[in-house]
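**Q** Have a look at this one.
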Amino acid sequence: MPKRTRFTTWRPLATAATAALLATLLTPAAAQAAPSGNEPVHSYEDAIREAVWVDTGLDGDRDGKPDRVAVDIVRPRETARQGRKVPVIMDASPYYSCCGRGNESQKKTYDAQGRVAQMPLYYDNYFVPRGYAFVGVDLAGTNRSDGCVDVGGRSDIQSAKAVVDWLNGRAKAYTSRTGTTRAQAGWTNGRTGMIGKSWDGTIANGVAATGVKGLKTIVPISAISSWYDYYFQQGAPLYDSGPEWLSDYVDSPDARAKCAAVQQKLVDGAPRTGDWTPLWTERDYVKAARKVKASVFLVHGMQDLNVRMKHVGPWWDALAKNGVERKIWLSQTGHVDPFDFRRGAWVETLHRWFDHELMGIDNGIDREPMADIERAPGQWDTSRVWPPSGTRTATLRPDRGTQAGVGTLGLHRGHGTASFTDDPQLSETDWAAQIDKPTPEKAGFVTRPLTRDLRMSGSSEVTVTATPSTPTAHLSAVLVDLGPATIRDYADAGEGITTLTNRTCWGASTPADNSCFKETKAKTADVDYTVVSRGWADLGNHASDHKGSPLTPGKRYTITLDLAPTDHVVPKGHRLALIVAGTDQGLIDPPADKPKLTLDLSRTSARVPFTGGTAAFARATTGAAPATPDATLLDGVREPRTIHRVPEASQ
């Protein structure tokens with residue numbers, strides 16, 4: 001992995017009191033009164049609340065006028081009186097009016113003057129008293145903004161980028177949606193951090209990929225890095241609809257009346273064939289990672305079946321290649337905010353991150369371990385870098401076993417063939433539950449019981465050579481830890497959490513905006529196996545990830561499936577399994593046919609990153625051959641399902 005680099009932009013040199021640090025940024029008159037930046041010394045109740053409309057320079061709704069996006073602001077009154085400029089924390093979202101934010105689906109509310117009364121979530125309650133401004137941006141086409149939602153495209157990204165430009169004196173804003181009175185951002189030093197979960201975090205990724213000046217850090221939570229990978233993987237459809245459905249879901253009534261042309265462009269540009277088009281190129285932020293200047297604190301659930309872990313691997317690697325300062329948290333949850341699975345530690349860590357990146361406080365967070373990984377519900381490990389040093393890829397090979405239909409997984413090249421017939425009614429949980437018995441819908445391969453723990457960390461690949469019986473075929477490949485464990489129940493409606501009735505408070509409150517939120521606890525399941533990584537592909541994409549073609553029945557094809565990254569320890573005594581099958585019910589859509597596929601085991605393999613590489617795998621799988629496993633049905637979580645077509649929490 002490339003060495004992590006430190007920022008060469010503004011950083012204070014002194015490490016004494018915070019007040020002294022901030023004094024270097026303030027006017028001489030204000031320096032004596034400088035707050036620490038750590039403590040809630042400003043009044044939230046008396047904070048300035050205002051709205052401006054920023055000119056995006058686009059006319060997405062084609063009404064002949066530049067689109068203006070609504071920007072609601074909460075900022076300390078004391079710093080304004082003293083002439084001190086403050087940094088900004090910003091969440092740009094399509095959900096402020098249509099659907100709500102967070103575990104309690106909060107929406108923006110307004111007072112009689114049109115000023116925001118309740119800002120969803122806790123960011124303003126907690127950070128405004130600590131010397132930050134909080135800015136909530138309605139994406140174009142949503143809530144009080146002009147324009148059209150284009151699902152991660154130019155309009156979405158420009159909605160937020162224009163606000164960063166305005167905060168840094170490079171764009172125009174107005175005090176009303178249609179008026180001519182200009183609004184200035186003289187109250188901020190322009191240093192901006194973007195945060196948000198799901199679509200909001202996706203916008204943060206996209207804005208960072210423009211390289212806009214003034215954006216100093218982003219905190220993308222369960223966020224998309226390439227919109228193609230939200231709808232497809234290597235040609236296999238993950239959902240039965242495209243971005244036009246999502247756009248219509250969040251459009252304001254005004255946008256629905258004006259944005260038919262944008263909707264049609266989404267339909268035309270995103271054919272259900274799974275082929276890559278210019279629409280997807282525009283929405284691929286990974287390709288522009290070289291432009292990213294902001295630091296990145298990434299958070300994702302390793303069992304997120306909505307915005308899947310595929311969005312982590314290429315983005316993280318591209319950021320590393322370009323020397324971006326990074327930090328990462330990986331949980332056992334599904335599509336869940338860290339505020340709802342590790343609340344106290346999260347707020348403290350986020351506070352220190354923003355203090356370091358936006359206030360310039362040398363609190364040491366940049367010298368702490370890069371990664372926090374949840375090993376069991378509520379139990380966390382750290383890694384100095386991620387993936388950890390010493391991680392190397394081992395090539396594992398499936399082979400026929402002593403029992404027909406139950407194969408082995410090791411380091412030696414396999415022989416012969418294995419066959420299965422696609423059954424779209426079955427899923428990865430069905431396959432894993434019957435791993436020790438031959439079933440017609442899967443090909444399964446299992447290691448010996450491990451003699452020591454074995455850590456997987458990073459992204460895997462599975463290369464298969466398969467002969468289909470039909471002109472269409474979809475493939476799934478999953479890695480499974482076979483052994484008893486207590487895990488977060490990511491397949492439950494709460495995706496690994498249970499929401500309680502008691503509340504805890506995070507920041508100051510007003511009668512209209514309460515900082516107290518319902519607590520949660522881990523929702524767990526006792527299982528006999530855990531699916532730890534997945535990947536899918538249309539075999540018709542064997543020659544190109546970007547374009548598929550019909551198959552010739554009876555002809556042999558080779559394709560490499562990209563599996564999502566993970567960080568998982570397979571414990572001593574457990575086994576590691578590779579399963580290759582067809583449609584993963586609930587996670588990909590089936591092909592037009594129900595093919596039988598025959599694998600050439602001599603040309604099928606899995607490349608898996610282990611701490612210690614091939615040698616570690618060899619040591620962990622060296623031992624006496626086990627007795628034939630009892631072919632009982634293993635228990636796991638309920639079958640996966642397409643929980644959402646919306647990149648957000650349950651609505």
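Identifiers in this document derive from the order of the structure tokens: chains are assigned A, B, ..., residues are numbered from 1 separately in each chain, and ligands are numbered from 1 in order of occurrence.
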Could you pull the residues within 9 Å of Ala140 of chain A, counting only C-alpha atoms, minus those fewer than 6 positions along the same chain, as a list in words?

**A**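 Listed by chain and then number, they are Thr56, Gly60, Asp67, Arg68, Val69, Ala70, Pro94, Asp146, Gly147, Cys148, Val149, Asp150, Ser155, Asp156, Gln158, Ser159, Ala160, Asp251 and Ala255 of chain A.
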
**Q** Write the residues of the preceding selection, restricted to N, CA, C and O atoms, as a CSV table (one decimal), in the first residue's frame.

**A**
chain,number,residue,atom,x,y,z
A,56,THR,N,-26.3,28.0,-9.0
A,56,THR,CA,-25.4,26.8,-9.4
A,56,THR,C,-24.8,27.0,-10.8
A,56,THR,O,-23.9,26.3,-11.2
A,60,GLY,N,-31.2,23.3,-15.0
A,60,GLY,CA,-31.6,21.9,-15.2
A,60,GLY,C,-33.1,21.8,-15.5
A,60,GLY,O,-33.5,20.9,-16.3
A,67,ASP,N,-30.5,27.8,-11.9
A,67,ASP,CA,-31.1,27.2,-10.7
A,67,ASP,C,-30.4,27.7,-9.5
A,67,ASP,O,-29.2,27.9,-9.4
A,68,ARG,N,-31.2,27.9,-8.5
A,68,ARG,CA,-30.7,28.3,-7.1
A,68,ARG,C,-31.0,27.2,-6.1
A,68,ARG,O,-32.2,26.7,-6.1
A,69,VAL,N,-30.0,26.8,-5.4
A,69,VAL,CA,-30.3,25.8,-4.3
A,69,VAL,C,-30.4,26.4,-3.0
A,69,VAL,O,-29.7,27.4,-2.6
A,70,ALA,N,-31.3,25.9,-2.2
A,70,ALA,CA,-31.6,26.4,-0.8
A,70,ALA,C,-30.5,26.0,0.1
A,70,ALA,O,-30.2,24.8,0.2
A,94,PRO,N,-30.8,15.1,-0.6
A,94,PRO,CA,-32.1,15.1,-1.2
A,94,PRO,C,-33.3,14.8,-0.3
A,94,PRO,O,-34.4,14.8,-0.7
A,146,ASP,N,-34.4,25.0,-6.7
A,146,ASP,CA,-34.8,24.9,-8.1
A,146,ASP,C,-34.0,23.7,-8.7
A,146,ASP,O,-33.2,23.0,-8.1
A,147,GLY,N,-34.3,23.5,-10.0
A,147,GLY,CA,-33.5,22.5,-10.8
A,147,GLY,C,-34.1,21.1,-10.7
A,147,GLY,O,-35.3,20.9,-10.3
A,148,CYS,N,-33.3,20.1,-11.1
A,148,CYS,CA,-33.8,18.7,-11.2
A,148,CYS,C,-32.7,17.8,-10.5
A,148,CYS,O,-31.5,18.0,-10.6
A,149,VAL,N,-33.2,16.7,-9.9
A,149,VAL,CA,-32.3,15.7,-9.4
A,149,VAL,C,-31.9,14.8,-10.6
A,149,VAL,O,-32.7,14.4,-11.4
A,150,ASP,N,-30.6,14.6,-10.7
A,150,ASP,CA,-30.0,13.8,-11.8
A,150,ASP,C,-29.2,12.6,-11.2
A,150,ASP,O,-28.4,12.0,-11.9
A,155,SER,N,-25.8,17.9,-12.0
A,155,SER,CA,-26.7,18.8,-11.2
A,155,SER,C,-26.5,18.5,-9.7
A,155,SER,O,-26.4,19.4,-8.9
A,156,ASP,N,-26.6,17.2,-9.3
A,156,ASP,CA,-26.4,16.8,-7.9
A,156,ASP,C,-25.1,17.4,-7.3
A,156,ASP,O,-25.1,18.0,-6.2
A,158,GLN,N,-23.0,19.7,-8.6
A,158,GLN,CA,-22.9,21.2,-8.6
A,158,GLN,C,-23.7,21.8,-7.5
A,158,GLN,O,-23.4,22.9,-7.1
A,159,SER,N,-24.8,21.2,-7.1
A,159,SER,CA,-25.7,21.7,-6.0
A,159,SER,C,-24.8,22.0,-4.8
A,159,SER,O,-25.0,23.0,-4.1
A,160,ALA,N,-23.9,21.1,-4.5
A,160,ALA,CA,-23.1,21.2,-3.3
A,160,ALA,C,-21.8,22.0,-3.6
A,160,ALA,O,-21.4,22.8,-2.7
A,251,ASP,N,-37.8,14.0,-6.0
A,251,ASP,CA,-38.1,15.2,-6.6
A,251,ASP,C,-39.2,16.0,-5.9
A,251,ASP,O,-40.2,15.4,-5.4
A,255,ALA,N,-40.3,20.2,-9.2
A,255,ALA,CA,-39.4,19.5,-10.1
A,255,ALA,C,-40.1,18.5,-10.9
A,255,ALA,O,-39.7,18.3,-12.1

**Q** Using only C-alpha atoms, what does the table of segment 212-303 of chain A residues within 9 Å of segment 348-368 of chain A look like, with each row giving the shortest atom pair and its distance in Å to one decimal, sorted by chain and ascending number, as a Markdown table?

**A**
| residue | atom | partner | partner_atom | distance |
| --- | --- | --- | --- | --- |
| A:Lys216 | CA | A:Glu357 | CA | 6.7 |
| A:Thr217 | CA | A:Glu357 | CA | 6.6 |
| A:Val219 | CA | A:Leu350 | CA | 8.8 |
| A:Ser295 | CA | A:Glu357 | CA | 7.9 |
| A:Phe297 | CA | A:Trp353 | CA | 8.3 |

**Q** Kindly export the residues of the current selection with all heavy atoms, as a PDB file, in the first residue's frame.

**A**
ATOM      1  N   LYS A 216     -12.010  20.763   2.853  1.00  0.00           N
ATOM      2  CA  LYS A 216     -10.831  20.259   3.547  1.00  0.00           C
ATOM      3  C   LYS A 216     -10.957  18.798   3.975  1.00  0.00           C
ATOM      4  O   LYS A 216      -9.950  18.105   4.113  1.00  0.00           O
ATOM      5  CB  LYS A 216     -10.548  21.128   4.784  1.00  0.00           C
ATOM      6  CG  LYS A 216     -10.266  22.583   4.448  1.00  0.00           C
ATOM      7  CD  LYS A 216      -9.081  22.717   3.499  1.00  0.00           C
ATOM      8  CE  LYS A 216      -8.778  24.164   3.158  1.00  0.00           C
ATOM      9  NZ  LYS A 216      -7.666  24.286   2.178  1.00  0.00           N
ATOM     10  N   THR A 217     -12.192  18.337   4.196  1.00  0.00           N
ATOM     11  CA  THR A 217     -12.369  16.953   4.601  1.00  0.00           C
ATOM     12  C   THR A 217     -13.770  16.504   4.238  1.00  0.00           C
ATOM     13  O   THR A 217     -14.692  17.321   4.118  1.00  0.00           O
ATOM     14  CB  THR A 217     -12.122  16.768   6.113  1.00  0.00           C
ATOM     15  OG1 THR A 217     -12.039  15.369   6.410  1.00  0.00           O
ATOM     16  CG2 THR A 217     -13.203  17.403   6.961  1.00  0.00           C
ATOM     17  N   VAL A 219     -16.632  13.158   5.222  1.00  0.00           N
ATOM     18  CA  VAL A 219     -16.937  11.998   6.056  1.00  0.00           C
ATOM     19  C   VAL A 219     -18.096  11.256   5.400  1.00  0.00           C
ATOM     20  O   VAL A 219     -19.252  11.439   5.757  1.00  0.00           O
ATOM     21  CB  VAL A 219     -17.283  12.418   7.495  1.00  0.00           C
ATOM     22  CG1 VAL A 219     -17.478  11.170   8.381  1.00  0.00           C
ATOM     23  CG2 VAL A 219     -16.185  13.310   8.084  1.00  0.00           C
ATOM     24  N   SER A 295      -9.167  15.432   2.973  1.00  0.00           N
ATOM     25  CA  SER A 295      -8.977  14.176   3.681  1.00  0.00           C
ATOM     26  C   SER A 295     -10.306  13.426   3.716  1.00  0.00           C
ATOM     27  O   SER A 295     -11.374  14.005   3.502  1.00  0.00           O
ATOM     28  CB  SER A 295      -8.473  14.436   5.103  1.00  0.00           C
ATOM     29  OG  SER A 295      -9.420  15.197   5.838  1.00  0.00           O
ATOM     30  N   PHE A 297     -12.619  10.491   5.870  1.00  0.00           N
ATOM     31  CA  PHE A 297     -12.924   9.601   6.991  1.00  0.00           C
ATOM     32  C   PHE A 297     -14.132   8.777   6.557  1.00  0.00           C
ATOM     33  O   PHE A 297     -15.258   9.239   6.563  1.00  0.00           O
ATOM     34  CB  PHE A 297     -13.233  10.423   8.243  1.00  0.00           C
ATOM     35  CG  PHE A 297     -13.462   9.621   9.507  1.00  0.00           C
ATOM     36  CD1 PHE A 297     -13.698  10.281  10.705  1.00  0.00           C
ATOM     37  CD2 PHE A 297     -13.441   8.237   9.515  1.00  0.00           C
ATOM     38  CE1 PHE A 297     -13.908   9.573  11.884  1.00  0.00           C
ATOM     39  CE2 PHE A 297     -13.651   7.508  10.683  1.00  0.00           C
ATOM     40  CZ  PHE A 297     -13.896   8.189  11.878  1.00  0.00           C
TER      41      PHE A 297
END

**Q** Find the nearest atom pair between each residue of segment 356-454 of chain A and segment 522-528 of chain A for residues within 9 Å, count only C-alpha atoms, give distances in Å to one decimal, sort rows by chain and ascending number, and present the table as a tab-separated table.

**A**
residue	atom	partner	partner_atom	distance
A:Pro377	CA	A:Ala522	CA	6.5
A:Gly378	CA	A:Ala522	CA	7.5
A:Ala433	CA	A:Asp528	CA	8.3

**Q** For segment 127-135 of chain A, list every protein, DNA or RNA residue within 10 Å, evaluated using only C-alpha atoms, and leave out those in the same chain fewer than 6 positions away; present the list as a ChimeraX atom specification.

**A** /A:34-51,71-79,84-92,119,163,187-188,192-194,351,354-355,358-359,506-508

**Q** Counting only C-alpha atoms, which residue out of A:Asp584, A:Ile328, A:Ser602, A:Ala318 sits closest to Arg400 of chain A?

**A**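 Of A:Asp584, A:Ile328, A:Ser602, A:Ala318, the one nearest Arg400 of chain A is A:Ser602, counting only C-alpha atoms.
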
**Q** Given only C-alpha atoms as the basis, pick out the residue of A:Pro565, A:Gly444, A:Gly344, A:Pro609 nearest to Trp315 of chain A.

**A** A:Pro565

**Q** Which of these residues is nearest to Leu121 of chain A, using only C-alpha atoms: A:Ile195, A:Ile203, A:Val307, A:Ala236?

**A**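 The closest residue to Leu121 of chain A is A:Ile195.
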
**Q** Please provide the set of residues having any atom within 12 Å of Val336 of chain A, restricted to only C-alpha atoms, with same-chain residues fewer than 4 positions apart removed, written as a PyMOL selection string.

**A** chain A and resi 101-103+196-198+221-223+299-307+330-332+340-343+488+490+493-499+520+522+647-650

**Q** Point out the residue among A:Ser509, A:Gly554, A:Leu633, A:Gly57 with the least atom-to-atom distance to Asn125 of chain A, counting only C-alpha atoms.

**A** A:Ser509

**Q** Among segment 174-258 of chain A, which residues does DSSP mark as helix (DSSP H, G or I) when it is run on the backbone? Keep the chain and numbering as in the structure and answer as a ChimeraX atom specification.

**A** /A:199-208,228-231,243-250,253-258

**Q** Could you pull out the residues in segment 332-442 of chain A that DSSP calls strand (DSSP E) from the backbone, as a count of residues only?

**A** 35

**Q** Write out as a count of residues only the residues lying within 6 Å of Leu409 of chain A, counting only C-alpha atoms and excluding same-chain residues fewer than 6 positions away.

**A** 5

**Q** Pick out the residues sitting within 8 Å of Ala208 of chain A, and hand them over as number ranges by chain; count only C-alpha atoms, and ignore anything fewer than 2 positions along from it in its own chain.

**A** A: 204-206, 210-212, 215, 218, 291-294

**Q** For the residues in the current selection, export N, CA, C and O atoms as a short mmCIF file (atom, residue, chain, number, x, y, z; two decimals), in the first residue's frame.

**A**
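Once everything was written out, this is out.cif:
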data_model
loop_
_atom_site.label_atom_id
_atom_site.label_comp_id
_atom_site.auth_asym_id
_atom_site.auth_seq_id
_atom_site.Cartn_x
_atom_site.Cartn_y
_atom_site.Cartn_z
N ALA A 204 -20.78 14.02 -1.03
CA ALA A 204 -19.47 14.41 -0.51
C ALA A 204 -18.35 13.79 -1.33
O ALA A 204 -17.36 14.47 -1.68
N ASN A 205 -18.48 12.51 -1.67
CA ASN A 205 -17.48 11.87 -2.53
C ASN A 205 -17.36 12.60 -3.86
O ASN A 205 -16.26 12.89 -4.35
N GLY A 206 -18.52 12.89 -4.48
CA GLY A 206 -18.52 13.52 -5.79
C GLY A 206 -17.94 14.92 -5.78
O GLY A 206 -17.22 15.31 -6.70
N THR A 210 -14.17 16.68 -7.49
CA THR A 210 -13.98 17.85 -8.36
C THR A 210 -12.71 18.61 -7.99
O THR A 210 -12.27 19.47 -8.76
N GLY A 211 -12.16 18.35 -6.80
CA GLY A 211 -10.99 19.08 -6.34
C GLY A 211 -11.29 20.50 -5.91
O GLY A 211 -10.37 21.32 -5.80
N VAL A 212 -12.54 20.81 -5.59
CA VAL A 212 -12.92 22.18 -5.26
C VAL A 212 -12.09 22.72 -4.09
O VAL A 212 -11.88 22.04 -3.09
N LEU A 215 -12.77 22.75 0.32
CA LEU A 215 -13.26 21.51 0.92
C LEU A 215 -12.06 20.80 1.53
O LEU A 215 -11.21 20.27 0.81
N ILE A 218 -13.95 15.19 4.04
CA ILE A 218 -15.27 14.62 3.86
C ILE A 218 -15.39 13.40 4.78
O ILE A 218 -14.41 12.73 5.07
N LYS A 291 -8.02 14.05 -8.28
CA LYS A 291 -8.33 15.45 -8.00
C LYS A 291 -8.61 15.70 -6.52
O LYS A 291 -8.68 16.86 -6.10
N VAL A 292 -8.81 14.65 -5.73
CA VAL A 292 -9.23 14.82 -4.35
C VAL A 292 -8.12 15.46 -3.53
O VAL A 292 -7.00 14.95 -3.47
N LYS A 293 -8.45 16.57 -2.90
CA LYS A 293 -7.50 17.25 -2.01
C LYS A 293 -7.95 17.14 -0.55
O LYS A 293 -7.15 17.35 0.36
N ALA A 294 -9.23 16.86 -0.33
CA ALA A 294 -9.76 16.75 1.02
C ALA A 294 -9.33 15.44 1.66
O ALA A 294 -9.16 14.42 0.98
#
